[in-house]
Amino acid sequence: MRRCLTARENEILELAGRLADDFAERAAEHDRDASFPFENYEKMKEANYLGLSVPEQLGGMGASLIEMCMAQERLAMGCPSTALAVTMHISPIGQLATLWEAGLRPELEDFLRDAATGKVIYASMAAEPGYSILTDSKTVATKVDGGFTLSGRKIFGTNNAVCTHFATMSRYEDPEQGPLLMFSVVKRDAPGITFAQTWDTLGMRATQSNDFTLEDVFVPDSAVFHTLPIDHYDATLLKTVWGWSMPVFGSVYLGAALGAVEILRQTVLKRNWQDRPEVQQVFAEIEVLAETARSVIRAHAADYMSGTLYTDLPVQEAMSKCILPKYVATNNAVQIMDKVMTLGGGMAYFKRAPIERIFRDVRAGPVHPYTNFEAFNLFGKTSLDIQIRPAVEAKDSPVIQALSERVELSAPGA
């Protein structure tokens, strides 16, 4: 269905569309060879797409959360792997930008300017075997003069092939506060980091999300940007991680599926099948799935941008709302691809067909954290008022409290 768009949304979608159409020409080759699409990053750099979420006054496009979701959906219609990889840059950069705009992190100005030009390419690479939802870590942080050393193994290092900096997590046994989950920014070329060629997967092959190890990697105190007690939910992470990343991930997988739908639509028209009732029914079912996912994403974005999501709700409840758009979009994308494959028949089954590649890419969606099992656990327990783990609520979060105060001060009549 056609969407009601503002002039700015149309402009952003046109940019994403031009890039997507170009990336689509090389997507099959990168999938076959499992090669990272470096040339696509050069194209995004030239087009200022790497600055999508950087504030306009710092040289970026200043995209809101919903504008980013729309752009990434369209980009994924061309090359899902490129869209997923660059999400690891533009989403966390957008998170940092909200803190800069609120006046909480003025020191980020140069970093964000460099992100807009492509001098800085960011990544979020925290996942570990058994630790994918940011509540604990096997990576050990040891206090040393001026900072910490990190040692551990990481998996799913998406965007590692091109990033200059990445955010990661570790466990620090604080002598006064007890065990803490610590988040820090690390330079990719820091001594002690070793990447291994481990990425040989069913789909999203061109992301080259390889494993890596950290051996006594030094990070200065200034690079530590957040800590929380081990095995807690956290209001600050709602604002800076979950609220942004989940809807954007969902948009990428949905966009991948809709790219296949466009290929199927052209095939149907070429074969003059459009008047067949069974064909119309498949497309009707696809439209419902797509528009349902888009609506859930847009509703989440509205709650997030209003501030009520991370200020007014208990953290576990807010976590459920953050995970919902990712869950709905990725699972709807899987259902869409099943319908595309059924109607596409033999045409969709051949390895040479783009639909076959997209079918594999979309299968990564439910596996991508929050996985379906993790999401069901969260949704079910939250619905029944069962606490999964303690939480650092908004009232106990200095970041959320500072944001709330600044919103109040900027309100009309304040």
# chains A, B, ... in the order shown; residues from 1 in each chain; ligands from 1
>>> residues_around(residues="Ser184 in chain A", least_positions_apart="4", cutoff="6 Å", atoms="only C-alpha atoms", output="list in words")
Ala167, Thr168, Ala223, Val224 and Phe225 of chain A
>>> closest_atom_pairs(of="range 230-284 of chain A", to="range 170-183 of chain A", cutoff="10 Å", atoms="only C-alpha atoms", output="tab-separated table")
residue	atom	partner	partner_atom	distance
A:Ile230	CA	A:Leu180	CA	5.1
A:Asp231	CA	A:Leu181	CA	8.3
A:His232	CA	A:Leu181	CA	9.1
>>> write_last_selection(atoms="all heavy atoms", output="short mmCIF file (atom, residue, chain, number, x, y, z; two decimals), in the first residue's frame")
data_model
loop_
_atom_site.label_atom_id
_atom_site.label_comp_id
_atom_site.auth_asym_id
_atom_site.auth_seq_id
_atom_site.Cartn_x
_atom_site.Cartn_y
_atom_site.Cartn_z
N ILE A 230 25.05 -6.37 37.38
CA ILE A 230 24.89 -7.59 36.59
C ILE A 230 23.46 -8.13 36.75
O ILE A 230 22.86 -8.08 37.82
CB ILE A 230 25.91 -8.65 37.04
CG1 ILE A 230 27.33 -8.25 36.61
CG2 ILE A 230 25.56 -10.04 36.52
CD1 ILE A 230 27.58 -8.28 35.12
N ASP A 231 22.94 -8.67 35.64
CA ASP A 231 21.62 -9.32 35.59
C ASP A 231 20.50 -8.37 36.00
O ASP A 231 19.61 -8.73 36.76
CB ASP A 231 21.59 -10.58 36.45
CG ASP A 231 20.46 -11.52 36.02
OD1 ASP A 231 20.09 -11.49 34.84
OD2 ASP A 231 19.94 -12.26 36.88
N HIS A 232 20.54 -7.15 35.46
CA HIS A 232 19.49 -6.16 35.66
C HIS A 232 19.01 -5.65 34.30
O HIS A 232 19.79 -5.57 33.34
CB HIS A 232 19.99 -4.95 36.46
CG HIS A 232 20.00 -5.15 37.94
ND1 HIS A 232 20.73 -6.14 38.54
CD2 HIS A 232 19.39 -4.45 38.94
CE1 HIS A 232 20.57 -6.05 39.86
NE2 HIS A 232 19.76 -5.05 40.12
#
>>> residues_around(residues="Leu99 in chain A", least_positions_apart="2", cutoff="10 Å", atoms="only C-alpha atoms", output="ChimeraX atom specification")
/A:94-97,101-106,108,239-240,399,402-403
>>> closest_residue(among="A:Ala16, A:Met61, A:Met1, A:Met347", to="Phe283 in chain A", atoms="only C-alpha atoms")
A:Met1
>>> residues_around(residues="Tyr370 in chain A", least_positions_apart="6", cutoff="9 Å", atoms="only C-alpha atoms", output="CSV table (one decimal) with all heavy atoms, in the first residue's frame")
chain,number,residue,atom,x,y,z
A,132,SER,N,23.5,-12.5,25.0
A,132,SER,CA,23.1,-11.7,23.8
A,132,SER,C,22.2,-10.6,24.2
A,132,SER,O,21.9,-9.7,23.3
A,132,SER,CB,22.4,-12.6,22.8
A,132,SER,OG,21.2,-13.1,23.3
A,133,ILE,N,21.7,-10.5,25.5
A,133,ILE,CA,20.7,-9.4,25.8
A,133,ILE,C,21.2,-8.4,26.8
A,133,ILE,O,20.4,-7.8,27.5
A,133,ILE,CB,19.4,-10.1,26.2
A,133,ILE,CG1,19.6,-11.0,27.4
A,133,ILE,CG2,18.8,-10.9,25.1
A,133,ILE,CD1,18.3,-11.5,28.0
A,246,MET,N,15.9,-2.1,18.2
A,246,MET,CA,14.9,-3.1,17.8
A,246,MET,C,14.0,-2.8,16.6
A,246,MET,O,13.8,-3.6,15.7
A,246,MET,CB,14.1,-3.5,19.1
A,246,MET,CG,14.8,-4.2,20.2
A,246,MET,SD,15.4,-5.9,19.7
A,246,MET,CE,17.1,-5.5,19.3
A,323,ILE,N,10.9,-4.6,22.3
A,323,ILE,CA,11.2,-5.8,21.6
A,323,ILE,C,10.0,-6.1,20.6
A,323,ILE,O,10.2,-6.8,19.5
A,323,ILE,CB,11.3,-7.0,22.5
A,323,ILE,CG1,12.4,-6.7,23.6
A,323,ILE,CG2,11.7,-8.3,21.8
A,323,ILE,CD1,13.7,-6.2,23.0
A,326,LYS,N,10.4,-5.4,16.7
A,326,LYS,CA,11.4,-6.3,16.1
A,326,LYS,C,10.8,-7.7,15.9
A,326,LYS,O,10.9,-8.3,14.8
A,326,LYS,CB,12.7,-6.4,16.9
A,326,LYS,CG,13.8,-7.2,16.3
A,326,LYS,CD,13.7,-8.7,16.8
A,326,LYS,CE,14.8,-9.5,16.1
A,326,LYS,NZ,14.6,-11.0,16.5
A,327,TYR,N,10.1,-8.2,16.9
A,327,TYR,CA,9.5,-9.5,16.8
A,327,TYR,C,8.4,-9.5,15.7
A,327,TYR,O,8.4,-10.4,14.9
A,327,TYR,CB,8.8,-9.9,18.2
A,327,TYR,CG,8.0,-11.1,18.1
A,327,TYR,CD1,8.6,-12.4,18.2
A,327,TYR,CD2,6.6,-11.1,17.8
A,327,TYR,CE1,7.9,-13.5,18.1
A,327,TYR,CE2,5.9,-12.2,17.7
A,327,TYR,CZ,6.5,-13.5,17.8
A,327,TYR,OH,5.8,-14.6,17.7
>>> select_by_dssp(residues="range 45-266 of chain A", states="alpha helix (DSSP H)", output="JSON, numbers by chain")
{"A": [45, 46, 65, 66, 67, 68, 69, 70, 71, 72, 73, 74, 75, 76, 80, 81, 82, 83, 84, 85, 86, 87, 88, 89, 90, 91, 92, 93, 94, 95, 96, 97, 98, 99, 100, 101, 109, 110, 111, 112, 113, 114, 115, 116, 117, 235, 236, 237, 243, 244, 245, 246, 247, 248, 249, 250, 251, 252, 253, 254, 255, 256, 257, 258, 259, 260, 261, 262, 263, 264, 265, 266]}
>>> select_by_dssp(residues="range 65-159 of chain A", states="strand (DSSP E)", output="number ranges by chain")
A: 140-144, 147-154
>>> closest_atom_pairs(of="range 266-324 of chain A", to="range 255-258 of chain A", cutoff="10 Å", atoms="only C-alpha atoms", output="tab-separated table")
residue	atom	partner	partner_atom	distance
A:Ile286	CA	A:Leu258	CA	8.9
A:Glu287	CA	A:Leu258	CA	9.7
A:Ala290	CA	A:Leu258	CA	8.0
>>> write_last_selection(atoms="N, CA, C and O atoms", output="mmCIF file, in the first residue's frame")
data_model
loop_
_atom_site.group_PDB
_atom_site.id
_atom_site.type_symbol
_atom_site.label_atom_id
_atom_site.label_comp_id
_atom_site.auth_asym_id
_atom_site.auth_seq_id
_atom_site.Cartn_x
_atom_site.Cartn_y
_atom_site.Cartn_z
ATOM 1 N N ILE A 286 0.053 -10.474 1.979
ATOM 2 C CA ILE A 286 1.349 -9.816 2.133
ATOM 3 C C ILE A 286 1.171 -8.376 2.579
ATOM 4 O O ILE A 286 1.891 -7.881 3.468
ATOM 5 N N GLU A 287 0.214 -7.685 1.986
ATOM 6 C CA GLU A 287 -0.028 -6.284 2.369
ATOM 7 C C GLU A 287 -0.401 -6.178 3.847
ATOM 8 O O GLU A 287 0.071 -5.287 4.556
ATOM 9 N N ALA A 290 2.739 -6.696 5.958
ATOM 10 C CA ALA A 290 3.661 -5.568 5.866
ATOM 11 C C ALA A 290 3.142 -4.352 6.611
ATOM 12 O O ALA A 290 3.871 -3.707 7.387
#
>>> residues_around(residues="Ala364 in chain A", least_positions_apart="6", cutoff="9 Å", atoms="only C-alpha atoms", output="PyMOL selection string")
chain A and resi 202-204+253+330
>>> write_last_selection(atoms="all heavy atoms", output="compact mmCIF listing (two decimals), in the first residue's frame")
# COMPACT_ATOMS: atom_id res chain seq x y z
N LEU A 202 23.95 -19.33 6.62
CA LEU A 202 22.85 -19.52 5.69
C LEU A 202 22.53 -18.22 4.94
O LEU A 202 22.38 -18.22 3.72
CB LEU A 202 21.61 -20.00 6.45
CG LEU A 202 20.32 -20.17 5.65
CD1 LEU A 202 20.44 -21.37 4.71
CD2 LEU A 202 19.14 -20.36 6.59
N GLY A 203 22.38 -17.13 5.67
CA GLY A 203 22.01 -15.86 5.07
C GLY A 203 22.80 -14.70 5.66
O GLY A 203 23.66 -14.90 6.52
N MET A 204 22.52 -13.51 5.17
CA MET A 204 23.25 -12.30 5.57
C MET A 204 24.76 -12.54 5.49
O MET A 204 25.54 -12.08 6.32
CB MET A 204 22.85 -11.87 6.99
CG MET A 204 21.43 -11.36 7.11
SD MET A 204 21.22 -9.80 6.20
CE MET A 204 19.49 -9.40 6.60
N TYR A 253 14.79 -6.40 8.16
CA TYR A 253 14.29 -7.71 7.71
C TYR A 253 12.98 -7.57 6.94
O TYR A 253 12.74 -8.29 5.96
CB TYR A 253 14.13 -8.65 8.90
CG TYR A 253 15.47 -9.06 9.48
CD1 TYR A 253 15.95 -8.50 10.65
CD2 TYR A 253 16.26 -10.00 8.83
CE1 TYR A 253 17.19 -8.87 11.18
CE2 TYR A 253 17.50 -10.38 9.34
CZ TYR A 253 17.96 -9.81 10.51
OH TYR A 253 19.18 -10.17 11.02
N THR A 330 10.13 -9.06 12.08
CA THR A 330 10.94 -10.19 11.58
C THR A 330 10.08 -11.41 11.30
O THR A 330 10.27 -12.10 10.29
CB THR A 330 12.06 -10.54 12.57
OG1 THR A 330 11.51 -10.80 13.87
CG2 THR A 330 13.07 -9.42 12.67
>>> residues_around(residues="Gly259 in chain A", least_positions_apart="5", cutoff="9 Å", atoms="only C-alpha atoms", output="JSON, numbers by chain")
{"A": [74, 76, 77, 78, 79, 254, 264, 355, 358]}
>>> residues_around(residues="Gly51 in chain A", least_positions_apart="6", cutoff="8 Å", atoms="only C-alpha atoms", output="NGL selection string")
:A and (59-62 or 90 or 115-118)
>>> closest_residue(among="A:Thr207, A:Thr371, A:Gln401, A:Thr227", to="Ala141 in chain A", atoms="only C-alpha atoms")
A:Thr227
>>> closest_atom_pairs(of="range 179-246 of chain A", to="range 373-394 of chain A", cutoff="9 Å", atoms="only C-alpha atoms", output="Markdown table")
| residue | atom | partner | partner_atom | distance |
| --- | --- | --- | --- | --- |
| A:Leu228 | CA | A:Val392 | CA | 7.7 |
| A:Pro229 | CA | A:Val392 | CA | 8.3 |
| A:Asp231 | CA | A:Arg389 | CA | 6.6 |
| A:His232 | CA | A:Ala391 | CA | 5.0 |
| A:Tyr233 | CA | A:Ala391 | CA | 4.4 |
| A:Asp234 | CA | A:Val392 | CA | 4.7 |
| A:Ala235 | CA | A:Ala394 | CA | 5.3 |
| A:Thr236 | CA | A:Ala394 | CA | 7.4 |
>>> closest_atom_pairs(of="range 66-128 of chain A", to="range 142-164 of chain A", cutoff="12 Å", atoms="only C-alpha atoms", output="tab-separated table")
residue	atom	partner	partner_atom	distance
A:Ser81	CA	A:Thr158	CA	9.7
A:Thr82	CA	A:Asn159	CA	9.1
A:Ala83	CA	A:Asn159	CA	10.4
A:Leu84	CA	A:Thr158	CA	8.1
A:Ala85	CA	A:Asn159	CA	5.0
A:Val86	CA	A:Asn159	CA	6.9
A:Thr87	CA	A:Asn159	CA	8.7
A:Met88	CA	A:Asn159	CA	6.5
A:His89	CA	A:Asn159	CA	7.8
A:Ile90	CA	A:Asn159	CA	11.1
A:Phe111	CA	A:Thr164	CA	11.3
A:Asp114	CA	A:Thr164	CA	10.8
A:Ala115	CA	A:Thr164	CA	9.9
A:Gly118	CA	A:Thr164	CA	9.6
A:Lys119	CA	A:Thr164	CA	8.1
A:Val120	CA	A:Thr164	CA	5.8
A:Ile121	CA	A:Cys163	CA	4.6
A:Tyr122	CA	A:Cys163	CA	5.3
A:Ala123	CA	A:Asn159	CA	5.9
A:Ser124	CA	A:Thr158	CA	7.6
A:Met125	CA	A:Gly157	CA	5.1
A:Ala126	CA	A:Lys154	CA	6.6
A:Ala127	CA	A:Ile155	CA	5.6
A:Glu128	CA	A:Lys154	CA	4.8
>>> closest_residue(among="A:Arg271, A:Arg298, A:Lys339, A:His226", to="Ser397 in chain A", atoms="only C-alpha atoms")
A:His226
>>> closest_residue(among="A:Phe36, A:Phe23, A:Trp242, A:Phe249", to="Met70 in chain A", atoms="only C-alpha atoms")
A:Phe249
>>> decode(residues="range 112-144 of chain A", atoms="N, CA and C atoms", output="short mmCIF file (atom, residue, chain, number, x, y, z; two decimals), in the first residue's frame")
data_model
loop_
_atom_site.label_atom_id
_atom_site.label_comp_id
_atom_site.auth_asym_id
_atom_site.auth_seq_id
_atom_site.Cartn_x
_atom_site.Cartn_y
_atom_site.Cartn_z
N LEU A 112 30.68 12.83 16.45
CA LEU A 112 29.50 12.80 15.59
C LEU A 112 29.78 13.46 14.24
N ARG A 113 30.55 14.55 14.25
CA ARG A 113 30.92 15.18 12.98
C ARG A 113 31.71 14.20 12.11
N ASP A 114 32.63 13.48 12.72
CA ASP A 114 33.42 12.51 11.97
C ASP A 114 32.56 11.33 11.50
N ALA A 115 31.53 10.99 12.26
CA ALA A 115 30.62 9.92 11.84
C ALA A 115 29.83 10.35 10.61
N ALA A 116 29.50 11.64 10.52
CA ALA A 116 28.74 12.13 9.37
C ALA A 116 29.56 12.07 8.09
N THR A 117 30.86 12.27 8.19
CA THR A 117 31.71 12.28 7.00
C THR A 117 32.24 10.89 6.65
N GLY A 118 32.09 9.93 7.55
CA GLY A 118 32.63 8.60 7.31
C GLY A 118 34.02 8.42 7.84
N LYS A 119 34.58 9.45 8.47
CA LYS A 119 35.89 9.30 9.10
C LYS A 119 35.80 8.33 10.28
N VAL A 120 34.67 8.38 10.99
CA VAL A 120 34.36 7.42 12.05
C VAL A 120 33.24 6.52 11.54
N ILE A 121 33.46 5.22 11.60
CA ILE A 121 32.39 4.25 11.33
C ILE A 121 32.27 3.39 12.58
N TYR A 122 31.08 3.37 13.12
CA TYR A 122 30.84 2.78 14.43
C TYR A 122 30.27 1.38 14.27
N ALA A 123 30.32 0.63 15.35
CA ALA A 123 29.67 -0.69 15.39
C ALA A 123 29.32 -0.99 16.83
N SER A 124 28.30 -1.80 17.01
CA SER A 124 27.94 -2.31 18.33
C SER A 124 28.22 -3.80 18.32
N MET A 125 29.28 -4.22 19.03
CA MET A 125 29.72 -5.62 18.95
C MET A 125 29.94 -6.14 20.37
N ALA A 126 28.84 -6.50 21.00
CA ALA A 126 28.88 -6.92 22.40
C ALA A 126 28.55 -8.39 22.60
N ALA A 127 27.94 -9.04 21.63
CA ALA A 127 27.39 -10.38 21.82
C ALA A 127 28.46 -11.41 22.14
N GLU A 128 28.08 -12.36 22.99
CA GLU A 128 28.95 -13.48 23.37
C GLU A 128 28.10 -14.75 23.40
N PRO A 129 28.72 -15.91 23.28
CA PRO A 129 27.95 -17.15 23.39
C PRO A 129 27.21 -17.21 24.73
N GLY A 130 25.88 -17.27 24.65
CA GLY A 130 25.07 -17.33 25.86
C GLY A 130 24.74 -16.00 26.48
N TYR A 131 25.29 -14.91 25.94
CA TYR A 131 25.04 -13.58 26.51
C TYR A 131 24.74 -12.60 25.37
N SER A 132 23.47 -12.53 25.01
CA SER A 132 23.10 -11.71 23.85
C SER A 132 22.18 -10.55 24.19
N ILE A 133 21.72 -10.46 25.46
CA ILE A 133 20.71 -9.44 25.76
C ILE A 133 21.19 -8.43 26.80
N LEU A 134 22.51 -8.25 26.89
CA LEU A 134 23.11 -7.16 27.66
C LEU A 134 22.74 -7.19 29.14
N THR A 135 22.90 -8.35 29.76
CA THR A 135 22.68 -8.45 31.19
C THR A 135 23.88 -9.04 31.92
N ASP A 136 24.80 -9.69 31.21
CA ASP A 136 25.99 -10.26 31.82
C ASP A 136 27.02 -10.49 30.72
N SER A 137 28.25 -10.77 31.11
CA SER A 137 29.33 -10.93 30.15
C SER A 137 30.40 -11.84 30.71
N LYS A 138 31.01 -12.62 29.82
CA LYS A 138 32.17 -13.43 30.21
C LYS A 138 33.48 -12.69 29.93
N THR A 139 33.39 -11.56 29.23
CA THR A 139 34.58 -10.75 29.01
C THR A 139 34.96 -10.08 30.32
N VAL A 140 36.21 -10.21 30.72
CA VAL A 140 36.67 -9.73 32.02
C VAL A 140 37.33 -8.36 31.88
N ALA A 141 36.86 -7.41 32.67
CA ALA A 141 37.49 -6.09 32.75
C ALA A 141 38.33 -6.03 34.03
N THR A 142 39.58 -5.64 33.88
CA THR A 142 40.50 -5.54 35.01
C THR A 142 40.96 -4.09 35.15
N LYS A 143 40.86 -3.55 36.34
CA LYS A 143 41.25 -2.15 36.56
C LYS A 143 42.77 -2.03 36.53
N VAL A 144 43.24 -1.04 35.78
CA VAL A 144 44.66 -0.69 35.71
C VAL A 144 44.76 0.82 35.77
#
